[in-house]
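File shown here: work.cif, holding mmCIF, C-alpha atoms.
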```
data_structure
loop_
_atom_site.label_atom_id
_atom_site.label_comp_id
_atom_site.auth_asym_id
_atom_site.auth_seq_id
_atom_site.Cartn_x
_atom_site.Cartn_y
_atom_site.Cartn_z
CA MET A 1 -113.84 -73.96 -1.89
CA ALA A 2 -110.52 -75.31 -3.17
CA ILE A 3 -108.44 -73.02 -5.38
CA LEU A 4 -107.49 -74.41 -8.79
CA LYS A 5 -103.84 -75.34 -9.14
CA GLY A 6 -102.00 -72.33 -10.55
CA ALA A 7 -104.78 -69.87 -9.66
CA GLU A 8 -103.30 -68.90 -6.30
CA PRO A 9 -102.51 -65.25 -5.50
CA PHE A 10 -98.84 -64.41 -5.29
CA LEU A 11 -96.56 -61.92 -3.59
CA LEU A 12 -92.99 -61.23 -4.74
CA TYR A 13 -90.90 -59.06 -2.42
CA GLY A 14 -88.69 -56.36 -3.89
CA SER A 15 -88.42 -52.73 -2.82
CA GLU A 16 -90.75 -50.18 -1.26
CA LYS A 17 -92.10 -49.52 -4.76
CA GLY A 18 -95.16 -51.75 -5.11
CA VAL A 19 -97.17 -52.93 -8.09
CA LEU A 20 -100.64 -54.47 -7.82
CA LEU A 21 -101.53 -56.84 -10.67
CA ILE A 22 -105.20 -57.57 -11.44
CA HIS A 23 -106.27 -60.48 -13.61
CA GLY A 24 -109.24 -60.63 -15.96
CA PHE A 25 -112.83 -61.87 -16.08
CA THR A 26 -113.06 -65.66 -15.39
CA GLY A 27 -109.24 -65.73 -15.29
CA SER A 28 -106.78 -66.02 -12.42
CA PRO A 29 -103.47 -64.58 -11.16
CA ALA A 30 -101.74 -67.17 -13.35
CA GLU A 31 -102.07 -64.89 -16.38
CA MET A 32 -100.07 -62.21 -14.53
CA VAL A 33 -97.20 -64.42 -13.29
CA LEU A 34 -94.72 -63.72 -16.11
CA LEU A 35 -95.29 -59.97 -15.87
CA GLY A 36 -94.99 -60.17 -12.08
CA LYS A 37 -91.66 -61.99 -12.25
CA HIS A 38 -90.35 -59.44 -14.75
CA LEU A 39 -91.35 -56.49 -12.55
CA ASN A 40 -89.88 -58.18 -9.49
CA ALA A 41 -86.59 -58.70 -11.35
CA CYS A 42 -86.63 -54.94 -11.98
CA GLY A 43 -86.84 -54.35 -8.22
CA TYR A 44 -90.57 -53.95 -7.58
CA THR A 45 -92.63 -55.66 -4.89
CA VAL A 46 -95.49 -57.33 -6.71
CA LEU A 47 -98.85 -58.57 -5.44
CA ALA A 48 -101.47 -60.33 -7.57
CA PRO A 49 -104.68 -61.06 -5.64
CA ARG A 50 -107.27 -63.62 -6.72
CA LEU A 51 -110.59 -61.92 -7.40
CA SER A 52 -113.62 -63.14 -5.48
CA GLY A 53 -115.35 -66.03 -7.26
CA HIS A 54 -112.40 -66.66 -9.54
CA GLY A 55 -109.96 -69.57 -9.60
CA THR A 56 -112.38 -72.02 -7.96
CA THR A 57 -115.61 -72.87 -9.81
CA PRO A 58 -117.95 -70.97 -12.17
CA GLU A 59 -120.73 -71.78 -9.72
CA GLU A 60 -118.93 -69.82 -7.02
CA MET A 61 -118.36 -66.96 -9.43
CA GLU A 62 -122.09 -66.80 -10.17
CA VAL A 63 -122.89 -65.56 -6.67
CA THR A 64 -120.38 -62.69 -6.87
CA ASN A 65 -120.53 -59.35 -8.66
CA TRP A 66 -118.17 -56.56 -9.66
CA ALA A 67 -118.37 -54.95 -6.23
CA ASN A 68 -117.02 -58.21 -4.75
CA TRP A 69 -114.26 -58.32 -7.36
CA TYR A 70 -113.36 -54.73 -6.58
CA ASN A 71 -113.26 -55.49 -2.85
CA SER A 72 -110.63 -58.15 -3.61
CA VAL A 73 -108.60 -55.46 -5.37
CA ARG A 74 -109.01 -53.08 -2.43
CA ASP A 75 -107.89 -55.80 -0.02
CA GLY A 76 -104.77 -56.32 -2.14
CA TYR A 77 -104.11 -52.59 -2.26
CA HIS A 78 -104.27 -52.21 1.53
CA LEU A 79 -102.05 -55.26 2.04
CA LEU A 80 -99.46 -53.84 -0.36
CA LYS A 81 -99.79 -50.40 1.22
CA GLY A 82 -98.62 -51.95 4.50
CA ILE A 83 -95.25 -52.90 3.02
CA CYS A 84 -94.67 -50.32 0.26
CA THR A 85 -94.37 -46.53 0.23
CA SER A 86 -95.89 -46.16 -3.24
CA ILE A 87 -98.17 -48.33 -5.36
CA SER A 88 -98.92 -48.55 -9.05
CA VAL A 89 -101.65 -50.77 -10.46
CA ILE A 90 -101.83 -52.84 -13.66
CA GLY A 91 -104.91 -54.69 -14.85
CA LEU A 92 -105.57 -57.08 -17.72
CA SER A 93 -108.93 -56.95 -19.52
CA MET A 94 -111.62 -56.50 -16.84
CA GLY A 95 -108.74 -56.12 -14.42
CA GLY A 96 -107.83 -52.91 -16.23
CA LEU A 97 -111.27 -51.49 -15.44
CA LEU A 98 -110.82 -52.40 -11.78
CA ALA A 99 -107.36 -50.80 -11.88
CA ILE A 100 -108.89 -47.57 -13.17
CA LYS A 101 -111.51 -47.68 -10.42
CA LEU A 102 -108.81 -48.18 -7.78
CA ALA A 103 -106.79 -45.27 -9.17
CA ILE A 104 -109.83 -43.00 -9.09
CA ASP A 105 -110.60 -43.90 -5.48
CA ASN A 106 -107.08 -44.04 -4.00
CA ASN A 107 -103.64 -42.44 -4.07
CA ILE A 108 -102.15 -44.61 -6.81
CA ASP A 109 -98.86 -43.59 -8.46
CA ARG A 110 -99.46 -44.92 -11.97
CA VAL A 111 -102.11 -47.04 -13.66
CA VAL A 112 -101.91 -49.39 -16.66
CA ALA A 113 -104.88 -50.91 -18.50
CA LEU A 114 -104.13 -53.86 -20.81
CA SER A 115 -106.75 -55.06 -23.34
CA SER A 116 -109.55 -53.45 -21.34
CA PRO A 117 -113.11 -53.54 -22.68
CA ILE A 118 -115.57 -50.85 -23.48
CA TYR A 119 -116.77 -52.58 -26.64
CA ILE A 120 -116.87 -56.40 -26.66
CA MET A 121 -116.30 -58.37 -29.85
CA ASN A 122 -118.93 -61.05 -29.15
CA LYS A 123 -122.23 -59.72 -30.49
CA ALA A 124 -124.17 -62.24 -28.39
CA VAL A 125 -123.87 -59.94 -25.35
CA ARG A 126 -126.55 -57.77 -26.95
CA PHE A 127 -129.05 -60.61 -26.62
CA ILE A 128 -128.25 -61.82 -23.11
CA PRO A 129 -131.44 -62.59 -21.13
CA ALA A 130 -132.62 -60.31 -18.35
CA PRO A 131 -130.76 -60.82 -15.05
CA LYS A 132 -133.74 -62.58 -13.47
CA ASP A 133 -133.58 -65.21 -16.21
CA CYS A 134 -129.84 -65.85 -15.95
CA LYS A 135 -129.55 -67.69 -12.65
CA GLY A 136 -127.94 -71.08 -13.15
CA ARG A 137 -127.21 -70.42 -16.82
CA TYR A 138 -123.70 -70.60 -18.29
CA VAL A 139 -122.14 -70.16 -21.70
CA PRO A 140 -118.89 -71.70 -22.94
CA LYS A 141 -115.81 -69.52 -22.93
CA LYS A 142 -113.03 -70.57 -25.24
CA ARG A 143 -109.50 -69.38 -24.61
CA ARG A 144 -106.90 -69.73 -27.32
CA GLN A 145 -103.89 -71.78 -26.32
CA ILE A 146 -100.85 -69.62 -26.97
CA GLN A 147 -98.03 -71.48 -28.64
CA GLY A 148 -95.02 -71.91 -26.39
CA VAL A 149 -96.88 -70.84 -23.24
CA ASP A 150 -97.37 -73.45 -20.51
CA SER A 151 -101.00 -74.06 -19.54
CA ILE A 152 -100.12 -73.22 -15.92
CA TYR A 153 -100.23 -69.55 -17.01
CA THR A 154 -103.73 -69.81 -18.52
CA VAL A 155 -105.74 -71.20 -15.61
CA ALA A 156 -109.31 -70.00 -16.19
CA TYR A 157 -112.91 -71.16 -16.42
CA ASN A 158 -114.19 -72.80 -19.60
CA LYS A 159 -117.66 -71.42 -19.02
CA MET A 160 -119.00 -68.18 -17.61
CA PRO A 161 -122.15 -67.46 -15.59
CA LEU A 162 -124.58 -65.17 -17.39
CA THR A 163 -125.21 -63.30 -14.15
CA SER A 164 -121.49 -62.47 -14.07
CA VAL A 165 -121.64 -61.21 -17.65
CA HIS A 166 -124.33 -58.78 -16.54
CA SER A 167 -122.07 -57.59 -13.74
CA LEU A 168 -119.16 -57.14 -16.15
CA LEU A 169 -121.36 -55.01 -18.40
CA ALA A 170 -122.41 -52.94 -15.37
CA LEU A 171 -118.74 -52.39 -14.50
CA ILE A 172 -118.01 -51.27 -18.07
CA ARG A 173 -120.83 -48.73 -17.88
CA HIS A 174 -119.60 -47.49 -14.49
CA ILE A 175 -116.02 -47.00 -15.67
CA ALA A 176 -117.07 -45.39 -18.96
CA LYS A 177 -119.03 -42.83 -16.95
CA HIS A 178 -116.19 -42.10 -14.51
CA LEU A 179 -113.14 -42.11 -16.80
CA PRO A 180 -112.93 -38.29 -16.66
CA ASP A 181 -112.37 -38.67 -12.89
CA LEU A 182 -109.10 -40.53 -13.48
CA GLN A 183 -106.24 -38.08 -12.82
CA ARG A 184 -103.25 -40.37 -12.38
CA PRO A 185 -100.54 -41.02 -15.03
CA PHE A 186 -102.11 -43.58 -17.33
CA LEU A 187 -100.90 -46.10 -19.91
CA VAL A 188 -103.35 -47.93 -22.20
CA VAL A 189 -102.05 -50.99 -24.09
CA GLN A 190 -104.11 -52.65 -26.80
CA SER A 191 -103.54 -55.08 -29.65
CA LYS A 192 -105.26 -54.49 -32.97
CA ASN A 193 -105.45 -58.28 -33.30
CA ASP A 194 -107.57 -58.73 -30.13
CA HIS A 195 -110.55 -61.01 -30.84
CA THR A 196 -112.20 -60.51 -27.44
CA VAL A 197 -112.21 -56.73 -27.05
CA LYS A 198 -112.79 -54.36 -29.94
CA TYR A 199 -109.58 -52.38 -30.22
CA HIS A 200 -111.60 -49.15 -30.47
CA SER A 201 -112.11 -49.60 -26.71
CA ALA A 202 -108.56 -48.40 -26.12
CA ALA A 203 -109.09 -45.19 -28.05
CA TYR A 204 -112.28 -44.49 -26.08
CA ILE A 205 -110.55 -45.15 -22.75
CA TYR A 206 -107.55 -43.02 -23.67
CA ARG A 207 -109.64 -40.15 -25.01
CA SER A 208 -112.05 -40.13 -22.05
CA ALA A 209 -109.52 -40.42 -19.23
CA GLY A 210 -108.98 -37.20 -17.32
CA SER A 211 -105.26 -37.87 -16.80
CA LYS A 212 -102.95 -35.09 -17.94
CA GLU A 213 -100.17 -37.61 -18.51
CA LYS A 214 -101.47 -40.48 -20.60
CA GLU A 215 -100.29 -42.70 -23.42
CA LEU A 216 -101.90 -45.16 -25.84
CA PHE A 217 -99.58 -47.98 -26.93
CA TRP A 218 -100.60 -50.21 -29.83
CA LEU A 219 -99.60 -53.81 -30.52
CA GLU A 220 -100.06 -55.44 -33.92
CA ASN A 221 -99.80 -59.21 -33.47
CA SER A 222 -100.91 -60.23 -29.96
CA GLY A 223 -104.31 -61.57 -29.05
CA HIS A 224 -106.23 -60.61 -25.93
CA LEU A 225 -103.78 -61.95 -23.34
CA VAL A 226 -100.95 -59.52 -23.99
CA THR A 227 -99.14 -60.63 -20.82
CA LEU A 228 -98.60 -64.05 -22.43
CA ASP A 229 -98.67 -63.60 -26.19
CA THR A 230 -95.96 -63.09 -28.80
CA GLU A 231 -95.30 -59.43 -27.93
CA LYS A 232 -95.18 -59.90 -24.15
CA GLU A 233 -91.55 -58.77 -23.90
CA ILE A 234 -92.48 -55.54 -25.69
CA VAL A 235 -95.37 -55.07 -23.26
CA PHE A 236 -93.17 -55.73 -20.24
CA ALA A 237 -90.52 -53.27 -21.43
CA LYS A 238 -93.14 -50.59 -22.10
CA ILE A 239 -94.66 -51.04 -18.66
CA VAL A 240 -91.29 -50.77 -16.91
CA GLU A 241 -90.45 -47.66 -18.93
CA PHE A 242 -93.77 -46.14 -17.86
CA LEU A 243 -93.39 -47.09 -14.18
CA ASP A 244 -89.80 -45.82 -14.09
CA LYS A 245 -90.77 -42.31 -15.17
CA ASP A 246 -91.33 -41.08 -11.63
CA ARG A 247 -88.64 -43.00 -9.78
CA SER A 248 -87.17 -40.20 -7.71
CA ASN A 249 -84.77 -42.66 -6.07
CA PRO A 250 -83.33 -45.84 -7.46
CA ILE A 251 -84.83 -49.09 -6.16
#
```

Re-express the file's structure as structure tokens.
Amino acid sequence: MAILKGAEPFLLYGSEKGVLLIHGFTGSPAEMVLLGKHLNACGYTVLAPRLSGHGTTPEEMEVTNWANWYNSVRDGYHLLKGICTSISVIGLSMGGLLAIKLAIDNNIDRVVALSSPIYIMNKAVRFIPAPKDCKGRYVPKKRRQIQGVDSIYTVAYNKMPLTSVHSLLALIRHIAKHLPDLQRPFLVVQSKNDHTVKYHSAAYIYRSAGSKEKELFWLENSGHLVTLDTEKEIVFAKIVEFLDKDRSNPI
């Protein structure tokens, strides 16, 4: 299956300090490009994999589930592990949940969750049909065009498979249950103006995480895609500050 233009994974070489970037549900690595370039300019090696079923067609996504998406993350982690001595992980939206999962299961330095869901704004998810009735069914997914941001950074599907929504909800339940198992240094970033994820999600994630070192950082004006929106430079600076905390040697 052909990959959509702009949805390709990317690798930016820097130092032996690696950062794995994980995009969101129905999205693509495109939404992580600006953050990746910023981190690379700060000396980090950056890898952003394309999650299974993403960046091609919604029909291909329909036959995948969160275990497949997580396997894409694990593949990226092991690739990066082959060229870096330490790895931190940053995920946007659903990608933040997968980042948490990776940090629970592996020796990750630091983990960042951006706009990650526990509570979803769209009330329609409560009335989604049973999984057996969802095959071949899709619902539109609108994504706000961010002023001043080229569309090459917002490559994503305009509809989502209902079977995939079920899998996303299963992932949310899994992470909510296992948040106390997270022990790595942890940064949660959330905008109060997010219209996709209820901002109370961030407080739940922060409160439930088992990490001794953790921080909750609020934004006021951004929407859901904090890697692209009006406060992106603030987000990038906060992430670098967080990642730099345990640099024992300069890059």

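Under the PyMOL selection byres ((chain A and resi 181) around 10), the matching residues in the shown file are Ile100, Lys101, Ala103, Ile104, Asp105, Ile175, Lys177, His178, Leu179, Pro180, Leu182, Gln183, Arg184, Ser208, Ala209, Gly210 and Ser211 of chain A.
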
Please dump the current selection as a JSON list (two decimals), keeping the file's coordinate frame; keep C-alpha atoms.
```json
[["chain", "number", "residue", "atom", "x", "y", "z"],
["A", 100, "ILE", "CA", -108.89, -47.57, -13.17],
["A", 101, "LYS", "CA", -111.51, -47.68, -10.42],
["A", 103, "ALA", "CA", -106.79, -45.27, -9.17],
["A", 104, "ILE", "CA", -109.83, -43.00, -9.09],
["A", 105, "ASP", "CA", -110.60, -43.90, -5.48],
["A", 175, "ILE", "CA", -116.02, -47.00, -15.67],
["A", 177, "LYS", "CA", -119.03, -42.83, -16.95],
["A", 178, "HIS", "CA", -116.19, -42.10, -14.51],
["A", 179, "LEU", "CA", -113.14, -42.11, -16.80],
["A", 180, "PRO", "CA", -112.93, -38.29, -16.66],
["A", 182, "LEU", "CA", -109.10, -40.53, -13.48],
["A", 183, "GLN", "CA", -106.24, -38.08, -12.82],
["A", 184, "ARG", "CA", -103.25, -40.37, -12.38],
["A", 208, "SER", "CA", -112.05, -40.13, -22.05],
["A", 209, "ALA", "CA", -109.52, -40.42, -19.23],
["A", 210, "GLY", "CA", -108.98, -37.20, -17.32],
["A", 211, "SER", "CA", -105.26, -37.87, -16.80]]
```

query: Taking (-88.9, -50.0, -11.2) in the file's coordinates, which residues come within 12 Å, counting all atoms listed in the file, written as a PyMOL selection string?
result: chain A and resi 14-19+36+38-46+86-88+110+236-251

statement: What separates CA of His23 in chain A and CA of Gly91 in chain A is a distance of 6.1 Å

Ground truth for the PyMOL selection byres ((chain A and resi 78) around 12), written as a compact mmCIF listing (two decimals) with C-alpha atoms, keeping the file's coordinate frame:
```txt
# COMPACT_ATOMS: atom_id res chain seq x y z
CA GLY A 18 -95.16 -51.75 -5.11
CA VAL A 19 -97.17 -52.93 -8.09
CA LEU A 20 -100.64 -54.47 -7.82
CA LEU A 47 -98.85 -58.57 -5.44
CA PRO A 49 -104.68 -61.06 -5.64
CA ASN A 71 -113.26 -55.49 -2.85
CA SER A 72 -110.63 -58.15 -3.61
CA VAL A 73 -108.60 -55.46 -5.37
CA ARG A 74 -109.01 -53.08 -2.43
CA ASP A 75 -107.89 -55.80 -0.02
CA GLY A 76 -104.77 -56.32 -2.14
CA TYR A 77 -104.11 -52.59 -2.26
CA LEU A 79 -102.05 -55.26 2.04
CA LEU A 80 -99.46 -53.84 -0.36
CA LYS A 81 -99.79 -50.40 1.22
CA GLY A 82 -98.62 -51.95 4.50
CA ILE A 83 -95.25 -52.90 3.02
CA CYS A 84 -94.67 -50.32 0.26
CA THR A 85 -94.37 -46.53 0.23
CA SER A 86 -95.89 -46.16 -3.24
CA ILE A 87 -98.17 -48.33 -5.36
CA LEU A 102 -108.81 -48.18 -7.78
CA ASN A 106 -107.08 -44.04 -4.00
CA ASN A 107 -103.64 -42.44 -4.07
CA ILE A 108 -102.15 -44.61 -6.81
```

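Nearest residue to Lys192 in chain A, choosing from A:Pro9, A:Gly53, A:Gly223, A:Gly136 and counting all atoms listed in the file: A:Gly223.
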
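Once the PyMOL selection byres ((chain A and resi 141-145) around 6) is applied to the shown structure, the selection contains Pro140, Ile146, Asn158 and Lys159 of chain A.
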
Would you export the selected residues with C-alpha atoms as a PDB file, in the frame of the given file, please?
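Output contents, as saved in again07.pdb:
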```pdb
ATOM      1  CA  PRO A 140    -118.890 -71.700 -22.940  1.00  0.00           C
ATOM      2  CA  ILE A 146    -100.850 -69.620 -26.970  1.00  0.00           C
ATOM      3  CA  ASN A 158    -114.190 -72.800 -19.600  1.00  0.00           C
ATOM      4  CA  LYS A 159    -117.660 -71.420 -19.020  1.00  0.00           C
TER       5      LYS A 159
END
```

Completed range 115-135 of chain A (N, CA, C and O atoms) as a short mmCIF file (atom, residue, chain, number, x, y, z; two decimals), keeping the file's coordinate frame:
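Listing of result00.cif after writing:
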```
data_model
loop_
_atom_site.label_atom_id
_atom_site.label_comp_id
_atom_site.auth_asym_id
_atom_site.auth_seq_id
_atom_site.Cartn_x
_atom_site.Cartn_y
_atom_site.Cartn_z
N SER A 115 -105.64 -54.36 -22.66
CA SER A 115 -106.75 -55.06 -23.34
C SER A 115 -108.08 -54.87 -22.62
O SER A 115 -108.87 -55.80 -22.49
N SER A 116 -108.35 -53.67 -22.16
CA SER A 116 -109.55 -53.45 -21.34
C SER A 116 -110.77 -53.11 -22.19
O SER A 116 -110.68 -52.34 -23.14
N PRO A 117 -111.93 -53.67 -21.82
CA PRO A 117 -113.11 -53.54 -22.68
C PRO A 117 -113.98 -52.33 -22.40
O PRO A 117 -114.25 -51.98 -21.26
N ILE A 118 -114.39 -51.71 -23.47
CA ILE A 118 -115.57 -50.85 -23.48
C ILE A 118 -116.56 -51.46 -24.49
O ILE A 118 -117.74 -51.58 -24.23
N TYR A 119 -115.99 -51.90 -25.60
CA TYR A 119 -116.77 -52.58 -26.64
C TYR A 119 -116.28 -54.02 -26.75
O TYR A 119 -115.08 -54.26 -26.93
N ILE A 120 -117.21 -54.98 -26.64
CA ILE A 120 -116.87 -56.40 -26.66
C ILE A 120 -117.13 -56.97 -28.05
O ILE A 120 -118.15 -56.66 -28.69
N MET A 121 -116.22 -57.82 -28.50
CA MET A 121 -116.30 -58.37 -29.85
C MET A 121 -117.51 -59.27 -30.04
O MET A 121 -118.16 -59.26 -31.09
N ASN A 122 -117.84 -60.09 -29.03
CA ASN A 122 -118.93 -61.05 -29.15
C ASN A 122 -120.28 -60.34 -29.18
O ASN A 122 -120.73 -59.76 -28.19
N LYS A 123 -120.96 -60.41 -30.31
CA LYS A 123 -122.23 -59.72 -30.49
C LYS A 123 -123.35 -60.32 -29.66
O LYS A 123 -124.40 -59.70 -29.47
N ALA A 124 -123.13 -61.55 -29.16
CA ALA A 124 -124.17 -62.24 -28.39
C ALA A 124 -124.50 -61.51 -27.10
O ALA A 124 -125.59 -61.70 -26.54
N VAL A 125 -123.59 -60.65 -26.60
CA VAL A 125 -123.87 -59.94 -25.35
C VAL A 125 -125.07 -59.01 -25.50
O VAL A 125 -125.71 -58.67 -24.51
N ARG A 126 -125.39 -58.64 -26.73
CA ARG A 126 -126.55 -57.77 -26.95
C ARG A 126 -127.86 -58.50 -26.65
O ARG A 126 -128.89 -57.88 -26.39
N PHE A 127 -127.82 -59.83 -26.73
CA PHE A 127 -129.05 -60.61 -26.62
C PHE A 127 -129.09 -61.44 -25.34
O PHE A 127 -129.89 -62.37 -25.23
N ILE A 128 -128.26 -61.10 -24.37
CA ILE A 128 -128.25 -61.82 -23.11
C ILE A 128 -129.60 -61.65 -22.41
O ILE A 128 -130.18 -60.55 -22.41
N PRO A 129 -130.15 -62.71 -21.82
CA PRO A 129 -131.44 -62.59 -21.13
C PRO A 129 -131.38 -61.61 -19.96
O PRO A 129 -130.30 -61.26 -19.49
N ALA A 130 -132.54 -61.20 -19.51
CA ALA A 130 -132.62 -60.31 -18.35
C ALA A 130 -131.98 -61.00 -17.14
O ALA A 130 -131.98 -62.24 -17.05
N PRO A 131 -131.43 -60.23 -16.21
CA PRO A 131 -130.76 -60.82 -15.05
C PRO A 131 -131.60 -61.86 -14.32
O PRO A 131 -131.08 -62.90 -13.89
N LYS A 132 -132.89 -61.64 -14.20
CA LYS A 132 -133.74 -62.58 -13.47
C LYS A 132 -133.83 -63.94 -14.16
O LYS A 132 -134.19 -64.94 -13.54
N ASP A 133 -133.50 -63.97 -15.45
CA ASP A 133 -133.58 -65.21 -16.21
C ASP A 133 -132.22 -65.89 -16.39
O ASP A 133 -132.10 -66.89 -17.11
N CYS A 134 -131.21 -65.35 -15.74
CA CYS A 134 -129.84 -65.85 -15.95
C CYS A 134 -129.34 -66.78 -14.86
O CYS A 134 -128.29 -67.42 -15.04
N LYS A 135 -130.03 -66.87 -13.76
CA LYS A 135 -129.55 -67.69 -12.65
C LYS A 135 -129.38 -69.14 -13.09
O LYS A 135 -130.29 -69.74 -13.67
#
```
